[in-house]
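S.K.: Here it is, the structure, as structure tokens.
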Amino acid sequence: MQGSFRTIELSDTKLEFDGLRFLTVKTPNLKGRGDICVFVPKTEKLLTNLPIYILLHGVYGSAWAWALKGGAHKSAQEMIQNGEIEPAIIAMPSDGLWGDGSAYFPHHNKDFAKWIVEDVPLAIQENIPEAGKKSKLCIGGLSMGGYGALRLGAMHPDKFSAISAHSAITKLEEMELFVEEPLNVYLDSATLPNIIDVITSSHSPIPPIRFDCGTHDELILGNRKLNDQMNELQIPHEYFEFSGGHQWEYWQEHIRKTYLFFNTSIAHK
């Protein structure tokens, strides 16, 4: 079945490993193709309408980063087997592969936000049997992906059941710490480039939200400021600081907190 996308490539189940599937679809939002790495948990029987946890990668990365640098699928499978969380699909899309990082919002005639919010869930629902139209969505990410998760989650409170971010960029100017592209190529197209402005502009209640940052991370001051701003405005959220820096060892450890948060948030809806 063709579905909603002109072209679809799905990995061969005989060649897949560790529950990972790979999906490429062509979408007008990217003016081309987008990649999604999908973890489908092993269960005793086929389950349908499993929740979908979208994880957004940071700068320089792509659809494989959360799995093959973060071990996100291994953490999820272990927690499911141990009964810590209910089975869930982990969707790990590329950001659209613009420059060092797209920042997950529209620019240069490509809509990197719609790619994540609309195309990624739809591609999984139409091509992964364990997913369906009733699958609940949560969104999380690290660094630039944390920025994307906070921003898109707050902009689409009707779409997502929970939001989580690790070591997040909290205002677009912080992209300058990481990317080669001049900051103005982002700012010229950005509306509400700071996370606090997106959150306060929402006309609907924000989904449950948590974020954390390492105490040796260069983004720690921005995360502390966002926490202070949300406290001052009495916006419900959870914020944590842990030892560590802006590195995969930190994200490998703390992704489990995102899964627990998503699992609890869905259970309470």
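Chain identifiers are assigned as A, B, and so on, following the order in which chains appear in the structure tokens; residues are numbered from 1 within each chain, and ligands are numbered from 1 in order of appearance.
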Fewer than 6 positions away in the same chain doesn't count, so skip those; otherwise give me all residues within 10 Å of A:Phe211, counting only C-alpha atoms, as an mmCIF file with N, CA and C atoms, in the first residue's frame.

M.R.:
```
data_model
loop_
_atom_site.group_PDB
_atom_site.id
_atom_site.type_symbol
_atom_site.label_atom_id
_atom_site.label_comp_id
_atom_site.auth_asym_id
_atom_site.auth_seq_id
_atom_site.Cartn_x
_atom_site.Cartn_y
_atom_site.Cartn_z
ATOM 1 N N GLY A 140 11.061 14.093 22.647
ATOM 2 C CA GLY A 140 12.226 14.418 23.451
ATOM 3 C C GLY A 140 13.436 14.639 22.557
ATOM 4 N N GLY A 141 14.531 15.050 23.164
ATOM 5 C CA GLY A 141 15.734 15.251 22.361
ATOM 6 C C GLY A 141 16.886 15.762 23.183
ATOM 7 N N LEU A 142 18.049 15.855 22.535
ATOM 8 C CA LEU A 142 19.255 16.347 23.195
ATOM 9 C C LEU A 142 19.813 17.543 22.436
ATOM 10 N N GLY A 146 16.872 18.849 21.887
ATOM 11 C CA GLY A 146 16.136 19.289 23.060
ATOM 12 C C GLY A 146 15.389 20.576 22.768
ATOM 13 N N LEU A 150 11.306 20.826 22.959
ATOM 14 C CA LEU A 150 10.638 21.828 23.784
ATOM 15 C C LEU A 150 9.771 22.744 22.921
ATOM 16 N N ILE A 163 6.766 16.038 27.051
ATOM 17 C CA ILE A 163 7.962 16.638 26.449
ATOM 18 C C ILE A 163 9.137 16.422 27.393
ATOM 19 N N SER A 164 10.290 16.050 26.824
ATOM 20 C CA SER A 164 11.496 15.897 27.644
ATOM 21 C C SER A 164 12.710 16.368 26.854
ATOM 22 N N ALA A 165 13.648 17.006 27.544
ATOM 23 C CA ALA A 165 14.845 17.500 26.876
ATOM 24 C C ALA A 165 16.070 17.298 27.755
ATOM 25 N N HIS A 166 17.175 16.959 27.113
ATOM 26 C CA HIS A 166 18.459 16.826 27.789
ATOM 27 C C HIS A 166 19.432 17.842 27.188
ATOM 28 N N SER A 167 20.102 18.599 28.055
ATOM 29 C CA SER A 167 21.156 19.528 27.608
ATOM 30 C C SER A 167 20.660 20.422 26.481
ATOM 31 N N ALA A 168 19.477 20.977 26.639
ATOM 32 C CA ALA A 168 18.803 21.659 25.539
ATOM 33 C C ALA A 168 19.369 23.049 25.266
ATOM 34 N N ASN A 223 19.717 26.726 30.629
ATOM 35 C CA ASN A 223 18.735 25.821 31.225
ATOM 36 C C ASN A 223 18.285 26.338 32.590
ATOM 37 N N LEU A 226 15.877 29.217 31.994
ATOM 38 C CA LEU A 226 14.565 28.750 31.574
ATOM 39 C C LEU A 226 13.789 28.202 32.769
ATOM 40 N N ASN A 227 14.455 27.458 33.625
ATOM 41 C CA ASN A 227 13.813 26.943 34.834
ATOM 42 C C ASN A 227 13.314 28.090 35.716
ATOM 43 N N HIS A 237 6.460 22.172 35.632
ATOM 44 C CA HIS A 237 7.528 21.470 34.921
ATOM 45 C C HIS A 237 8.430 20.793 35.934
ATOM 46 N N GLU A 238 9.331 19.967 35.448
ATOM 47 C CA GLU A 238 10.363 19.357 36.277
ATOM 48 C C GLU A 238 11.721 19.711 35.678
ATOM 49 N N TYR A 239 12.650 20.119 36.526
ATOM 50 C CA TYR A 239 13.998 20.440 36.066
ATOM 51 C C TYR A 239 15.014 19.789 36.991
ATOM 52 N N PHE A 240 16.057 19.201 36.396
ATOM 53 C CA PHE A 240 17.083 18.507 37.161
ATOM 54 C C PHE A 240 18.467 18.851 36.627
ATOM 55 N N GLU A 241 19.424 18.837 37.527
ATOM 56 C CA GLU A 241 20.832 18.946 37.148
ATOM 57 C C GLU A 241 21.573 17.710 37.645
ATOM 58 N N LYS A 257 15.454 8.373 32.069
ATOM 59 C CA LYS A 257 14.534 9.264 32.788
ATOM 60 C C LYS A 257 13.457 9.792 31.858
ATOM 61 N N THR A 258 13.819 10.012 30.611
ATOM 62 C CA THR A 258 12.829 10.421 29.623
ATOM 63 C C THR A 258 11.791 9.326 29.423
#
```

S.K.: Can you tell me which residues surround stretch 172-180 of chain A at a distance of at most 8 Å, considering only C-alpha atoms, apart from same-chain residues fewer than 3 positions away, and format the answer as a PyMOL selection string?

M.R.: chain A and resi 59+99-101+144+169+183+186-187+193-194+219

S.K.: Convert the current residue selection to file output with N, CA and C atoms, as a tab-separated table (two decimals), in the first residue's frame.

M.R.:
```
chain	number	residue	atom	x	y	z
A	59	VAL	N	23.13	18.60	16.77
A	59	VAL	CA	23.88	19.01	15.58
A	59	VAL	C	24.83	17.89	15.14
A	99	GLY	N	22.71	21.87	6.64
A	99	GLY	CA	23.87	22.44	7.32
A	99	GLY	C	24.35	21.55	8.45
A	100	ASP	N	24.85	22.17	9.51
A	100	ASP	CA	25.25	21.40	10.69
A	100	ASP	C	24.05	20.99	11.53
A	101	GLY	N	22.90	21.61	11.27
A	101	GLY	CA	21.68	21.28	12.00
A	101	GLY	C	20.56	22.21	11.59
A	144	MET	N	20.42	20.47	20.32
A	144	MET	CA	19.51	21.05	19.33
A	144	MET	C	18.20	20.27	19.29
A	169	ILE	N	19.45	23.38	23.98
A	169	ILE	CA	19.53	24.78	23.57
A	169	ILE	C	18.19	25.41	23.95
A	183	LEU	N	24.57	32.78	12.15
A	183	LEU	CA	23.35	32.77	12.96
A	183	LEU	C	22.19	33.43	12.23
A	186	TYR	N	19.46	31.44	10.45
A	186	TYR	CA	18.40	30.89	11.28
A	186	TYR	C	17.44	31.99	11.73
A	187	LEU	N	18.01	33.07	12.27
A	187	LEU	CA	17.19	34.11	12.88
A	187	LEU	C	16.29	34.82	11.87
A	193	PRO	N	11.96	32.47	18.57
A	193	PRO	CA	13.15	31.63	18.61
A	193	PRO	C	13.58	31.18	20.00
A	194	ASN	N	13.02	31.79	21.06
A	194	ASN	CA	13.38	31.40	22.42
A	194	ASN	C	12.29	30.52	23.02
A	219	LEU	N	25.71	24.73	28.19
A	219	LEU	CA	24.34	25.23	28.10
A	219	LEU	C	23.64	25.31	29.45
```

S.K.: Given only C-alpha atoms as the basis, pick out the residue of A:Thr170, A:Asn109, A:Thr48, A:Ser102 nearest to A:Arg224.

M.R.: A:Thr170

S.K.: Per DSSP on the backbone, filter stretch 24-263 of chain A down to the residues in helix (DSSP H, G or I) and report them as an MDAnalysis selection string.

M.R.: chainID A and resid 65:68 72:81 112:127 144:155 172:177 184:187 195:201 220:232 248:263

S.K.: If we count only C-alpha atoms, what is near A:Leu46 at a cut-off of 12 Å, once residues fewer than 4 positions away on the same chain are taken out, given as a short mmCIF file (atom, residue, chain, number, x, y, z; two decimals) with N, CA and C atoms, in the first residue's frame?

M.R.:
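Writing the result to out26.cif gives the following:
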```cif
data_model
loop_
_atom_site.label_atom_id
_atom_site.label_comp_id
_atom_site.auth_asym_id
_atom_site.auth_seq_id
_atom_site.Cartn_x
_atom_site.Cartn_y
_atom_site.Cartn_z
N VAL A 40 11.37 -1.07 17.36
CA VAL A 40 10.12 -1.76 17.65
C VAL A 40 10.42 -2.83 18.70
N PRO A 41 9.86 -2.74 19.89
CA PRO A 41 10.22 -3.66 20.96
C PRO A 41 9.78 -5.10 20.69
N LYS A 42 10.55 -6.01 21.23
CA LYS A 42 10.19 -7.42 21.14
C LYS A 42 9.16 -7.73 22.22
N LEU A 50 0.90 1.03 19.80
CA LEU A 50 1.89 1.34 20.83
C LEU A 50 2.20 2.84 20.81
N PRO A 87 5.62 -1.29 26.73
CA PRO A 87 6.21 -1.27 25.39
C PRO A 87 5.91 0.01 24.64
N ILE A 128 4.57 0.71 10.18
CA ILE A 128 4.97 -0.15 11.28
C ILE A 128 3.71 -0.76 11.89
N PRO A 129 3.50 -2.06 11.77
CA PRO A 129 2.24 -2.67 12.22
C PRO A 129 1.92 -2.43 13.69
N GLU A 130 2.96 -2.29 14.51
CA GLU A 130 2.74 -2.10 15.94
C GLU A 130 2.23 -0.70 16.28
N ALA A 131 2.27 0.21 15.31
CA ALA A 131 1.76 1.57 15.51
C ALA A 131 0.37 1.69 14.89
#
```

S.K.: In Å, with one decimal, what is the gap from atom CA of A:Ser135 to atom CA of A:Val117?

M.R.: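 Separation of atom CA of A:Ser135 and atom CA of A:Val117: 13.7 Å.
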
S.K.: Which of stretch 48-257 of chain A end up as strand (DSSP E or B) when DSSP is run on this backbone - answer as a count of residues only?

M.R.: 37

S.K.: If we count only C-alpha atoms and set the cut-off at 12 Å, which residues sit around A:Ala65, ignoring sequence neighbours fewer than 4 positions away in its own chain? Please answer as a PyMOL selection string.

M.R.: chain A and resi 35-38+55-61+69-73+91-95+141-142+145+248+251-252

S.K.: Filtering to N, CA and C atoms, could you give me those residues as a CSV table (one decimal), in the first residue's frame?

M.R.:
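Saved to part17.csv:
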```
chain,number,residue,atom,x,y,z
A,35,ASP,N,14.9,10.4,6.6
A,35,ASP,CA,15.2,9.1,7.2
A,35,ASP,C,14.7,9.0,8.6
A,36,ILE,N,14.2,7.8,9.0
A,36,ILE,CA,13.8,7.6,10.4
A,36,ILE,C,14.3,6.2,10.8
A,37,CYS,N,15.0,6.2,11.9
A,37,CYS,CA,15.4,4.9,12.5
A,37,CYS,C,14.3,4.6,13.6
A,38,VAL,N,13.7,3.4,13.5
A,38,VAL,CA,12.6,3.1,14.4
A,38,VAL,C,13.0,1.8,15.2
A,55,LEU,N,12.5,10.9,19.4
A,55,LEU,CA,13.8,11.4,19.9
A,55,LEU,C,14.5,12.2,18.9
A,56,LEU,N,14.8,13.4,19.1
A,56,LEU,CA,15.5,14.3,18.2
A,56,LEU,C,16.9,14.4,18.5
A,57,HIS,N,17.8,14.3,17.5
A,57,HIS,CA,19.2,14.3,17.7
A,57,HIS,C,19.7,15.7,17.7
A,58,GLY,N,21.0,15.9,18.0
A,58,GLY,CA,21.6,17.2,18.0
A,58,GLY,C,22.3,17.5,16.7
A,59,VAL,N,23.1,18.6,16.8
A,59,VAL,CA,23.9,19.0,15.6
A,59,VAL,C,24.8,17.9,15.1
A,60,TYR,N,25.1,17.9,13.9
A,60,TYR,CA,26.1,17.0,13.2
A,60,TYR,C,25.5,15.6,13.0
A,61,GLY,N,24.4,15.2,13.7
A,61,GLY,CA,23.9,13.8,13.7
A,61,GLY,C,22.9,13.6,12.7
A,69,LYS,N,24.9,5.8,18.8
A,69,LYS,CA,25.8,6.5,19.8
A,69,LYS,C,25.2,6.6,21.2
A,70,GLY,N,23.9,6.6,21.2
A,70,GLY,CA,23.2,6.7,22.5
A,70,GLY,C,22.6,5.4,23.1
A,71,GLY,N,22.6,4.4,22.2
A,71,GLY,CA,22.0,3.1,22.7
A,71,GLY,C,20.6,3.2,23.2
A,72,ALA,N,19.8,4.1,22.6
A,72,ALA,CA,18.5,4.4,23.1
A,72,ALA,C,17.6,3.2,23.0
A,73,HIS,N,17.8,2.4,21.9
A,73,HIS,CA,16.9,1.2,21.7
A,73,HIS,C,17.3,0.2,22.8
A,91,ALA,N,11.0,6.4,17.9
A,91,ALA,CA,11.2,7.0,16.5
A,91,ALA,C,12.4,8.0,16.6
A,92,MET,N,13.4,7.7,15.7
A,92,MET,CA,14.6,8.6,15.8
A,92,MET,C,14.8,9.1,14.4
A,93,PRO,N,14.2,10.3,14.0
A,93,PRO,CA,14.3,10.8,12.7
A,93,PRO,C,15.5,11.7,12.5
A,94,SER,N,15.9,11.9,11.3
A,94,SER,CA,16.9,12.9,11.0
A,94,SER,C,16.2,14.3,11.1
A,95,ASP,N,17.1,15.3,11.2
A,95,ASP,CA,16.5,16.7,11.4
A,95,ASP,C,16.2,17.3,10.0
A,141,GLY,N,14.5,15.0,23.2
A,141,GLY,CA,15.7,15.3,22.4
A,141,GLY,C,16.9,15.8,23.2
A,142,LEU,N,18.0,15.9,22.5
A,142,LEU,CA,19.3,16.3,23.2
A,142,LEU,C,19.8,17.5,22.4
A,145,GLY,N,18.3,19.0,19.5
A,145,GLY,CA,17.1,18.2,19.6
A,145,GLY,C,16.2,18.5,20.8
A,248,TRP,N,27.9,12.2,25.0
A,248,TRP,CA,27.0,11.0,24.9
A,248,TRP,C,26.9,10.2,26.1
A,251,TRP,N,24.0,11.5,28.0
A,251,TRP,CA,22.7,11.2,27.3
A,251,TRP,C,22.4,9.7,27.4
A,252,GLN,N,23.4,8.9,27.3
A,252,GLN,CA,23.1,7.5,27.4
A,252,GLN,C,22.6,7.1,28.8
```

S.K.: Neighbouring residues of A:Met230 were defined as those with any atom within 9 Å, considering only C-alpha atoms; residues of the same chain fewer than 6 positions away were excluded. Please report them as a list of chain:residue names.

M.R.: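 My list of contacting residues is A:Ile196, A:Ile199, A:Pro236, A:His237.
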
S.K.: Between A:Leu15, A:Ile195, A:Ile255, A:Ala190, which residue has the minimum interatomic distance to A:His108, considering only C-alpha atoms?

M.R.: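 Ranked by minimum distance to A:His108, first place goes to A:Ala190.
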
S.K.: For A:Arg6, work out the shell of residues within 10 Å, counting only C-alpha atoms and skipping chain neighbours fewer than 4 positions away, then give it as a PyMOL selection string.

M.R.: chain A and resi 2+25-28

S.K.: Go ahead and dump the residues you just picked, N, CA and C atoms, as a tab-separated table (two decimals), in the first residue's frame.

M.R.:
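Contents of the output file part-v4.tsv:
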```tsv
chain	number	residue	atom	x	y	z
A	2	GLN	N	0.58	2.19	-0.90
A	2	GLN	CA	1.42	3.36	-1.06
A	2	GLN	C	1.34	4.30	0.14
A	25	VAL	N	11.25	8.16	3.53
A	25	VAL	CA	10.06	8.59	2.78
A	25	VAL	C	10.35	9.91	2.09
A	26	LYS	N	9.68	10.12	0.99
A	26	LYS	CA	9.79	11.41	0.29
A	26	LYS	C	8.64	12.29	0.73
A	27	THR	N	8.96	13.54	1.11
A	27	THR	CA	7.94	14.45	1.62
A	27	THR	C	8.12	15.85	1.06
A	28	PRO	N	7.05	16.51	0.69
A	28	PRO	CA	7.14	17.91	0.24
A	28	PRO	C	7.73	18.83	1.30
```

S.K.: Nearest residue to A:Ser265 out of A:Ala88, A:Ala67, A:Ile116, A:Ala162, using only C-alpha atoms?

M.R.: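 Checking each of A:Ala88, A:Ala67, A:Ile116, A:Ala162 against A:Ser265, counting only C-alpha atoms, the winner is A:Ala162.
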
S.K.: Might you pull out every residue within 9 Å of A:Lys159, with only C-alpha atoms counted and same-chain residues fewer than 3 positions away left off, and present them as a list of chain:residue names?

M.R.: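 The residues that qualify are A:Val117, A:Lys136, A:Leu137, A:Cys138, A:Gly153, A:His156.
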
S.K.: Output C-alpha atoms for every residue in the selection just made, as a JSON list (two decimals), in the first residue's frame.

M.R.:
```
[["chain", "number", "residue", "atom", "x", "y", "z"],
["A", 117, "VAL", "CA", 5.31, 16.81, 13.78],
["A", 136, "LYS", "CA", 0.02, 8.42, 21.67],
["A", 137, "LEU", "CA", 2.99, 10.67, 20.90],
["A", 138, "CYS", "CA", 5.74, 12.03, 23.13],
["A", 153, "GLY", "CA", 5.97, 20.11, 22.01],
["A", 156, "HIS", "CA", 1.53, 21.44, 19.44]]
```

S.K.: Which is closer to A:Gly214 than all the others in A:Ser143, A:Leu152, A:Ser11, A:His268, using only C-alpha atoms?

M.R.: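 Between A:Ser143, A:Leu152, A:Ser11, A:His268, the residue approaching A:Gly214 most closely is A:Ser143.
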
S.K.: Please report the interatomic distance between atom CA of A:Val120 and atom CA of A:Trp64 in Å with one decimal.

M.R.: 14.7 Å

S.K.: May I ask for the distance between atom CA of A:Pro182 and atom CA of A:Ser202, given in Å to one decimal place?

M.R.: 29.0 Å

S.K.: Which of these residues is nearest to A:Glu253, using only C-alpha atoms: A:Ala103, A:Ala76, A:Ile89, A:Ile266?

M.R.: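 Using only C-alpha atoms, A:Glu253 sits closest to A:Ala76.
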
S.K.: Measuring between only C-alpha atoms, which one of A:Ser161, A:Ser243, A:Thr191, A:Ser201 shows the shortest distance to A:Ala267?

M.R.: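 Comparing A:Ser161, A:Ser243, A:Thr191, A:Ser201 against A:Ala267, the winner is A:Ser161.
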